[in-house]
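Read through the structure below, which is laid out as structure tokens, and then see the notes.
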Amino acid sequence: MHSQIILFDGFDPLDVVAPYEVLTAGGTASGGAVTVELVSAEGPREVVSGAGGPALRATAALVPDRPGLIVVPGASGRVGDPADAPGDGAGTPGPTGADESIPVLLGRTLSTPLPALLKQAMDHPEVVVAGVCGGSLVLAMAGLLAGRRATTHHMGLDTLDATGVHAVRARVVDDGDLVTGAGVTSGLDLALYLLEREVGPRIAHAVEELFAHERRGTLWRAEGPEPAPF
């Protein structure tokens with residue numbers, strides 16, 4: 001399983017690094033059945049994370065029709081209304097670019113090549129798209145998740161629902177070729193679940209033990225009877 005983890009300006013470092021480490025360790029544990037690379041919509045470049053965080057290097061361009069996994073992270077910044085962000089309120093960065101709100105950083109992805117590439121990925125039958133935290137909102141704001149089941153950080157669930165998504169309050173939501181995780185640390189659980197689903201539970205368990213991390217929270221899948229209303 002080849003895994004492409006997307007970097008965009010303002011990304012949240014933990015949303016990227018947690019899945020990267022889990023999937024890389026899964027590659028080692030599986031004898032190379034999992035490969036991982038950092039990519040961007042624009043191609044190889046240094047990409048600066050949000051909130052004045054570190055830069056990471058995308059080593060390649062996102063290839064939306066390459067079979068495997070594509071991971072979309074969220075953003076790191078202030079929690080607040082886009083109108084409260086520094087700058088002109090229209091997506092122009094403030095003086096430092098380090099104090100921008102998460103909604104502004106996520107919304108800025110819509111003016112890049114990323115939405116069109118993600119649409120190609122979502123349309124490809126051999127690609128699984130995963131969203132970590134605000135990564136689900138990137139997909140939803142691009143109009144790609146209407147009618148789907150997904151989750152995001154608990155503070156963004158209402159926004160997710162407003163885009164036509166069936167928002168699920170769960171740690172990880174498996175909707176077939178779309179798998180999403182909740183808050184930032186859920187990137188660990190999301191990646192471990194994907195290892196279990198795509199490569200096997202013994203590989204996922206070995207990585208879980210290596211990282212001394214026990215998966216937590218509720219996993220939602222579209223299986224079993226529909227629950228009756230309470």
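Residues are referred to by chain and number: the chain letter is A, B, ... according to the order shown in the structure tokens, the number counts from 1 in that chain, and ligands are numbered separately from 1 in the order shown.
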Close residues, Leu144 (chain A) itself excluded, 8 Å, only C-alpha atoms, min 5 positions apart in chain, as an NGL selection string: :A and (119 or 122 or 139)
Contacts of Leu190 (chain A) at 8 Å or less, counting only C-alpha atoms, minus same-chain residues fewer than 3 places along, as a count of residues only? 10
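Among the candidates A:Ala222, A:Leu192, A:Leu137, A:Val184, the one nearest to Ala162 (chain A) when counting only C-alpha atoms is A:Leu137.
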What are the closest atom pairs, with distances in Å to one decimal, for all residues of region 97-147 of chain A lying within 12 Å of region 44-55 of chain A? Consider only C-alpha atoms, order rows by chain and residue number, and present the result as CSV.
residue,atom,partner,partner_atom,distance
A:Gly97,CA,A:Gly52,CA,7.6
A:Ala98,CA,A:Ala51,CA,4.5
A:Asp99,CA,A:Ala51,CA,5.8
A:Glu100,CA,A:Ala51,CA,7.2
A:Ser101,CA,A:Ala51,CA,8.8
A:Ile102,CA,A:Gly50,CA,8.5
A:Pro103,CA,A:Gly50,CA,11.7
A:Val104,CA,A:Gly50,CA,10.9
A:Leu105,CA,A:Gly50,CA,8.0
A:Leu106,CA,A:Gly50,CA,10.5
Please produce an output containing N, CA and C atoms for each residue in the selection, written as a short mmCIF file (atom, residue, chain, number, x, y, z; two decimals), in the first residue's frame.
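Okay, result.cif is ready:
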data_model
loop_
_atom_site.label_atom_id
_atom_site.label_comp_id
_atom_site.auth_asym_id
_atom_site.auth_seq_id
_atom_site.Cartn_x
_atom_site.Cartn_y
_atom_site.Cartn_z
N GLY A 97 1.92 35.65 9.67
CA GLY A 97 1.41 34.38 9.16
C GLY A 97 1.34 33.30 10.21
N ALA A 98 1.77 33.63 11.46
CA ALA A 98 1.83 32.62 12.50
C ALA A 98 0.61 32.64 13.41
N ASP A 99 -0.25 33.64 13.26
CA ASP A 99 -1.38 33.78 14.17
C ASP A 99 -2.70 33.71 13.42
N GLU A 100 -2.72 33.00 12.31
CA GLU A 100 -3.94 32.90 11.53
C GLU A 100 -4.86 31.83 12.10
N SER A 101 -6.13 31.98 11.83
CA SER A 101 -7.10 31.02 12.36
C SER A 101 -7.13 29.77 11.50
N ILE A 102 -7.56 28.68 12.14
CA ILE A 102 -7.67 27.41 11.42
C ILE A 102 -8.65 27.51 10.25
N PRO A 103 -9.83 28.15 10.41
CA PRO A 103 -10.73 28.26 9.26
C PRO A 103 -10.09 28.95 8.05
N VAL A 104 -9.28 29.99 8.30
CA VAL A 104 -8.62 30.68 7.19
C VAL A 104 -7.62 29.75 6.50
N LEU A 105 -6.83 29.04 7.30
CA LEU A 105 -5.82 28.16 6.72
C LEU A 105 -6.45 27.03 5.93
N LEU A 106 -7.54 26.46 6.46
CA LEU A 106 -8.24 25.40 5.72
C LEU A 106 -8.88 25.96 4.45
#
Among region 4-230 of chain A, which ones does DSSP place in helix (DSSP H, G or I), written as a PyMOL selection string? chain A and resi 13-29+82-84+102-111+114-123+135-141+154-162+186-198+201-210
Write the residues of the selection above to a file with C-alpha atoms, as a PDB file, in the first residue's frame.
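Output (out-v6.pdb):
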ATOM      1  CA  PRO A  13       2.500  18.875  12.171  1.00  0.00           C
ATOM      2  CA  LEU A  14       0.999  16.133  14.370  1.00  0.00           C
ATOM      3  CA  ASP A  15      -1.675  15.371  11.771  1.00  0.00           C
ATOM      4  CA  VAL A  16       1.193  14.558   9.405  1.00  0.00           C
ATOM      5  CA  VAL A  17       3.908  13.094  11.620  1.00  0.00           C
ATOM      6  CA  ALA A  18       1.676  10.666  13.563  1.00  0.00           C
ATOM      7  CA  PRO A  19       0.343   8.857  10.454  1.00  0.00           C
ATOM      8  CA  TYR A  20       3.770   9.086   8.809  1.00  0.00           C
ATOM      9  CA  GLU A  21       5.511   7.302  11.691  1.00  0.00           C
ATOM     10  CA  VAL A  22       2.804   4.649  12.066  1.00  0.00           C
ATOM     11  CA  LEU A  23       2.675   3.875   8.356  1.00  0.00           C
ATOM     12  CA  THR A  24       6.470   3.876   8.040  1.00  0.00           C
ATOM     13  CA  ALA A  25       6.743   1.429  10.931  1.00  0.00           C
ATOM     14  CA  GLY A  26       4.016  -0.629   9.260  1.00  0.00           C
ATOM     15  CA  GLY A  27       6.195  -0.777   6.179  1.00  0.00           C
ATOM     16  CA  THR A  28       9.090  -2.142   8.220  1.00  0.00           C
ATOM     17  CA  ALA A  29       6.896  -4.647  10.059  1.00  0.00           C
ATOM     18  CA  PRO A  82     -12.040  33.738   9.942  1.00  0.00           C
ATOM     19  CA  ALA A  83     -13.026  37.408  10.342  1.00  0.00           C
ATOM     20  CA  ASP A  84     -10.920  37.573  13.510  1.00  0.00           C
ATOM     21  CA  ILE A 102      -7.670  27.408  11.423  1.00  0.00           C
ATOM     22  CA  PRO A 103     -10.733  28.262   9.256  1.00  0.00           C
ATOM     23  CA  VAL A 104      -8.622  30.681   7.192  1.00  0.00           C
ATOM     24  CA  LEU A 105      -5.816  28.158   6.722  1.00  0.00           C
ATOM     25  CA  LEU A 106      -8.241  25.404   5.718  1.00  0.00           C
ATOM     26  CA  GLY A 107     -10.172  27.723   3.424  1.00  0.00           C
ATOM     27  CA  ARG A 108      -7.012  28.827   1.658  1.00  0.00           C
ATOM     28  CA  THR A 109      -6.538  25.301   0.300  1.00  0.00           C
ATOM     29  CA  LEU A 110      -9.587  25.899  -1.916  1.00  0.00           C
ATOM     30  CA  SER A 111      -7.621  28.370  -4.036  1.00  0.00           C
ATOM     31  CA  LEU A 114      -5.545  20.574  -4.144  1.00  0.00           C
ATOM     32  CA  PRO A 115      -9.377  20.337  -4.455  1.00  0.00           C
ATOM     33  CA  ALA A 116      -9.240  19.199  -8.100  1.00  0.00           C
ATOM     34  CA  LEU A 117      -6.581  16.621  -7.270  1.00  0.00           C
ATOM     35  CA  LEU A 118      -8.586  15.343  -4.318  1.00  0.00           C
ATOM     36  CA  LYS A 119     -11.659  14.996  -6.520  1.00  0.00           C
ATOM     37  CA  GLN A 120      -9.664  12.818  -8.910  1.00  0.00           C
ATOM     38  CA  ALA A 121      -8.512  10.729  -5.957  1.00  0.00           C
ATOM     39  CA  MET A 122     -12.050  10.365  -4.575  1.00  0.00           C
ATOM     40  CA  ASP A 123     -13.263   9.241  -8.003  1.00  0.00           C
ATOM     41  CA  GLY A 135      -8.519  17.262   6.865  1.00  0.00           C
ATOM     42  CA  SER A 136     -12.155  16.159   6.738  1.00  0.00           C
ATOM     43  CA  LEU A 137     -13.153  19.817   6.515  1.00  0.00           C
ATOM     44  CA  VAL A 138     -10.737  20.384   3.632  1.00  0.00           C
ATOM     45  CA  LEU A 139     -12.515  17.613   1.732  1.00  0.00           C
ATOM     46  CA  ALA A 140     -15.973  18.806   2.767  1.00  0.00           C
ATOM     47  CA  MET A 141     -15.310  22.464   1.896  1.00  0.00           C
ATOM     48  CA  HIS A 154     -15.356  17.928  17.941  1.00  0.00           C
ATOM     49  CA  MET A 155     -15.278  21.711  17.460  1.00  0.00           C
ATOM     50  CA  GLY A 156     -15.782  21.264  13.716  1.00  0.00           C
ATOM     51  CA  LEU A 157     -18.588  18.710  13.691  1.00  0.00           C
ATOM     52  CA  ASP A 158     -21.324  21.322  13.167  1.00  0.00           C
ATOM     53  CA  THR A 159     -19.379  22.820  10.252  1.00  0.00           C
ATOM     54  CA  LEU A 160     -18.912  19.369   8.766  1.00  0.00           C
ATOM     55  CA  ASP A 161     -22.626  18.666   9.083  1.00  0.00           C
ATOM     56  CA  ALA A 162     -23.475  22.010   7.441  1.00  0.00           C
ATOM     57  CA  SER A 186      -6.498  10.475  16.342  1.00  0.00           C
ATOM     58  CA  GLY A 187      -3.974  10.367  13.486  1.00  0.00           C
ATOM     59  CA  LEU A 188      -2.276   7.577  15.428  1.00  0.00           C
ATOM     60  CA  ASP A 189      -5.497   5.579  15.757  1.00  0.00           C
ATOM     61  CA  LEU A 190      -6.540   6.275  12.167  1.00  0.00           C
ATOM     62  CA  ALA A 191      -3.228   5.042  10.770  1.00  0.00           C
ATOM     63  CA  LEU A 192      -3.205   1.960  13.002  1.00  0.00           C
ATOM     64  CA  TYR A 193      -6.738   1.119  11.899  1.00  0.00           C
ATOM     65  CA  LEU A 194      -5.763   1.511   8.239  1.00  0.00           C
ATOM     66  CA  LEU A 195      -2.796  -0.820   8.797  1.00  0.00           C
ATOM     67  CA  GLU A 196      -5.145  -3.354  10.348  1.00  0.00           C
ATOM     68  CA  ARG A 197      -7.705  -3.035   7.560  1.00  0.00           C
ATOM     69  CA  GLU A 198      -5.341  -2.946   4.595  1.00  0.00           C
ATOM     70  CA  PRO A 201      -4.128  -6.960  12.461  1.00  0.00           C
ATOM     71  CA  ARG A 202      -0.807  -8.569  13.378  1.00  0.00           C
ATOM     72  CA  ILE A 203       1.106  -5.790  11.632  1.00  0.00           C
ATOM     73  CA  ALA A 204      -1.033  -3.124  13.312  1.00  0.00           C
ATOM     74  CA  HIS A 205      -0.559  -4.781  16.702  1.00  0.00           C
ATOM     75  CA  ALA A 206       3.217  -4.913  16.261  1.00  0.00           C
ATOM     76  CA  VAL A 207       3.330  -1.169  15.494  1.00  0.00           C
ATOM     77  CA  GLU A 208       0.994  -0.413  18.391  1.00  0.00           C
ATOM     78  CA  GLU A 209       3.350  -2.258  20.743  1.00  0.00           C
ATOM     79  CA  LEU A 210       6.401  -0.528  19.257  1.00  0.00           C
TER      80      LEU A 210
END
Considering only strand (DSSP E) as DSSP defines it on the backbone, what residues of region 5-230 of chain A qualify? List them as a compact mmCIF listing (two decimals) with N, CA and C atoms, in the first residue's frame.
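selection-v1.txt, freshly written:
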# COMPACT_ATOMS: atom_id res chain seq x y z
N ILE A 5 1.02 11.37 1.96
CA ILE A 5 0.54 12.28 3.00
C ILE A 5 0.74 13.71 2.51
N ILE A 6 -0.35 14.45 2.45
CA ILE A 6 -0.34 15.77 1.82
C ILE A 6 0.15 16.84 2.79
N THR A 35 4.50 1.72 1.85
CA THR A 35 5.48 2.77 1.58
C THR A 35 4.81 4.12 1.81
N VAL A 36 5.61 5.12 2.18
CA VAL A 36 5.07 6.42 2.58
C VAL A 36 5.91 7.54 1.98
N GLU A 37 5.25 8.60 1.52
CA GLU A 37 5.97 9.80 1.11
C GLU A 37 5.14 11.03 1.44
N LEU A 38 5.83 12.16 1.63
CA LEU A 38 5.18 13.44 1.84
C LEU A 38 5.07 14.15 0.49
N VAL A 39 3.89 14.63 0.17
CA VAL A 39 3.64 15.24 -1.14
C VAL A 39 2.93 16.57 -0.96
N SER A 40 2.88 17.34 -2.03
CA SER A 40 2.07 18.56 -2.05
C SER A 40 1.39 18.67 -3.41
N ARG A 45 8.67 20.74 -2.54
CA ARG A 45 8.90 22.07 -1.98
C ARG A 45 8.94 21.99 -0.45
N GLU A 46 9.48 23.03 0.17
CA GLU A 46 9.39 23.17 1.61
C GLU A 46 8.01 23.73 1.95
N VAL A 47 7.34 23.12 2.90
CA VAL A 47 5.99 23.54 3.26
C VAL A 47 6.00 23.89 4.75
N VAL A 48 5.57 25.11 5.05
CA VAL A 48 5.59 25.59 6.43
C VAL A 48 4.28 25.24 7.12
N ALA A 55 8.84 23.52 9.23
CA ALA A 55 8.60 23.21 7.82
C ALA A 55 9.00 21.76 7.56
N LEU A 56 8.26 21.12 6.68
CA LEU A 56 8.61 19.79 6.21
C LEU A 56 8.74 19.84 4.70
N ARG A 57 9.49 18.93 4.14
CA ARG A 57 9.71 18.93 2.69
C ARG A 57 8.83 17.89 2.01
N ALA A 58 8.01 18.37 1.09
CA ALA A 58 7.30 17.46 0.19
C ALA A 58 8.30 17.02 -0.87
N ALA A 60 7.58 15.06 -3.49
CA ALA A 60 6.96 14.75 -4.78
C ALA A 60 5.62 15.46 -4.88
N ALA A 61 5.08 15.45 -6.09
CA ALA A 61 3.73 15.97 -6.31
C ALA A 61 2.71 14.89 -6.00
N GLY A 68 -3.72 3.22 -3.70
CA GLY A 68 -3.19 3.24 -2.35
C GLY A 68 -3.95 4.20 -1.47
N LEU A 69 -3.22 4.88 -0.61
CA LEU A 69 -3.80 5.73 0.42
C LEU A 69 -3.34 7.17 0.25
N ILE A 70 -4.26 8.11 0.43
CA ILE A 70 -3.94 9.54 0.46
C ILE A 70 -4.45 10.09 1.79
N VAL A 71 -3.57 10.74 2.55
CA VAL A 71 -3.92 11.28 3.86
C VAL A 71 -3.95 12.80 3.79
N VAL A 72 -5.07 13.39 4.22
CA VAL A 72 -5.24 14.85 4.22
C VAL A 72 -5.22 15.32 5.68
N VAL A 127 -8.23 4.04 -4.76
CA VAL A 127 -7.64 5.01 -3.82
C VAL A 127 -8.52 5.13 -2.59
N VAL A 128 -7.92 5.02 -1.42
CA VAL A 128 -8.59 5.31 -0.15
C VAL A 128 -8.11 6.68 0.31
N VAL A 129 -9.05 7.56 0.61
CA VAL A 129 -8.72 8.90 1.10
C VAL A 129 -9.02 8.95 2.59
N ALA A 130 -8.04 9.42 3.36
CA ALA A 130 -8.20 9.54 4.81
C ALA A 130 -8.03 10.99 5.22
N GLY A 131 -8.85 11.43 6.15
CA GLY A 131 -8.75 12.79 6.68
C GLY A 131 -8.47 12.75 8.16
N VAL A 132 -7.48 13.53 8.61
CA VAL A 132 -7.16 13.64 10.03
C VAL A 132 -7.63 15.00 10.52
N ARG A 149 -20.37 9.66 5.37
CA ARG A 149 -20.19 9.62 6.83
C ARG A 149 -18.74 9.97 7.14
N ALA A 150 -18.54 10.90 8.06
CA ALA A 150 -17.18 11.33 8.39
C ALA A 150 -17.17 11.97 9.77
N HIS A 166 -22.84 13.57 6.79
CA HIS A 166 -23.42 12.97 7.97
C HIS A 166 -22.30 12.86 9.01
N ALA A 167 -22.19 13.88 9.86
CA ALA A 167 -21.11 13.91 10.85
C ALA A 167 -21.36 12.88 11.94
N VAL A 172 -12.76 7.22 14.98
CA VAL A 172 -12.45 6.89 13.59
C VAL A 172 -13.73 6.46 12.90
N VAL A 173 -13.96 6.96 11.70
CA VAL A 173 -15.15 6.61 10.92
C VAL A 173 -14.70 5.98 9.61
N ASP A 174 -15.13 4.74 9.39
CA ASP A 174 -14.81 4.00 8.16
C ASP A 174 -16.03 4.04 7.25
N LEU A 178 -13.38 6.13 2.18
CA LEU A 178 -13.16 7.35 2.95
C LEU A 178 -13.07 6.96 4.42
N VAL A 179 -11.93 7.27 5.05
CA VAL A 179 -11.73 6.97 6.46
C VAL A 179 -11.25 8.25 7.13
N THR A 180 -11.94 8.66 8.20
CA THR A 180 -11.61 9.93 8.84
C THR A 180 -11.38 9.75 10.33
N GLY A 181 -10.56 10.66 10.88
CA GLY A 181 -10.26 10.66 12.31
C GLY A 181 -10.65 11.98 12.93
N LEU A 219 -14.86 3.23 17.08
CA LEU A 219 -14.74 3.06 15.63
C LEU A 219 -16.13 2.87 15.06
N TRP A 220 -16.49 3.68 14.05
CA TRP A 220 -17.79 3.56 13.40
C TRP A 220 -17.59 2.95 12.02
N ARG A 221 -18.40 1.91 11.73
CA ARG A 221 -18.42 1.32 10.40
C ARG A 221 -19.86 1.14 9.97
Pick out the closest residue to Thr163 (chain A) from this set: A:Ala212, A:Ala142, A:Ala182, A:Ala75. Count only C-alpha atoms.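 Checking each candidate against Thr163 (chain A), we get A:Ala142 as the closest.
CA of Ala41 (chain A) to CA of His2 (chain A) spans 16.9 Å [interatomic distance, one decimal].
With only C-alpha atoms as the basis for measurement, A:Pro73 is the residue among A:Pro73, A:Gly224, A:Gly217, A:Gly200 that approaches Gly10 (chain A) most closely.
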Name the closest residue to Asp65 (chain A) among the candidates A:Pro113, A:Gly31, A:Gly143, A:Pro125; distances are taken between atoms, counting only C-alpha atoms.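 Smallest separation from Asp65 (chain A) among the options: A:Pro125.
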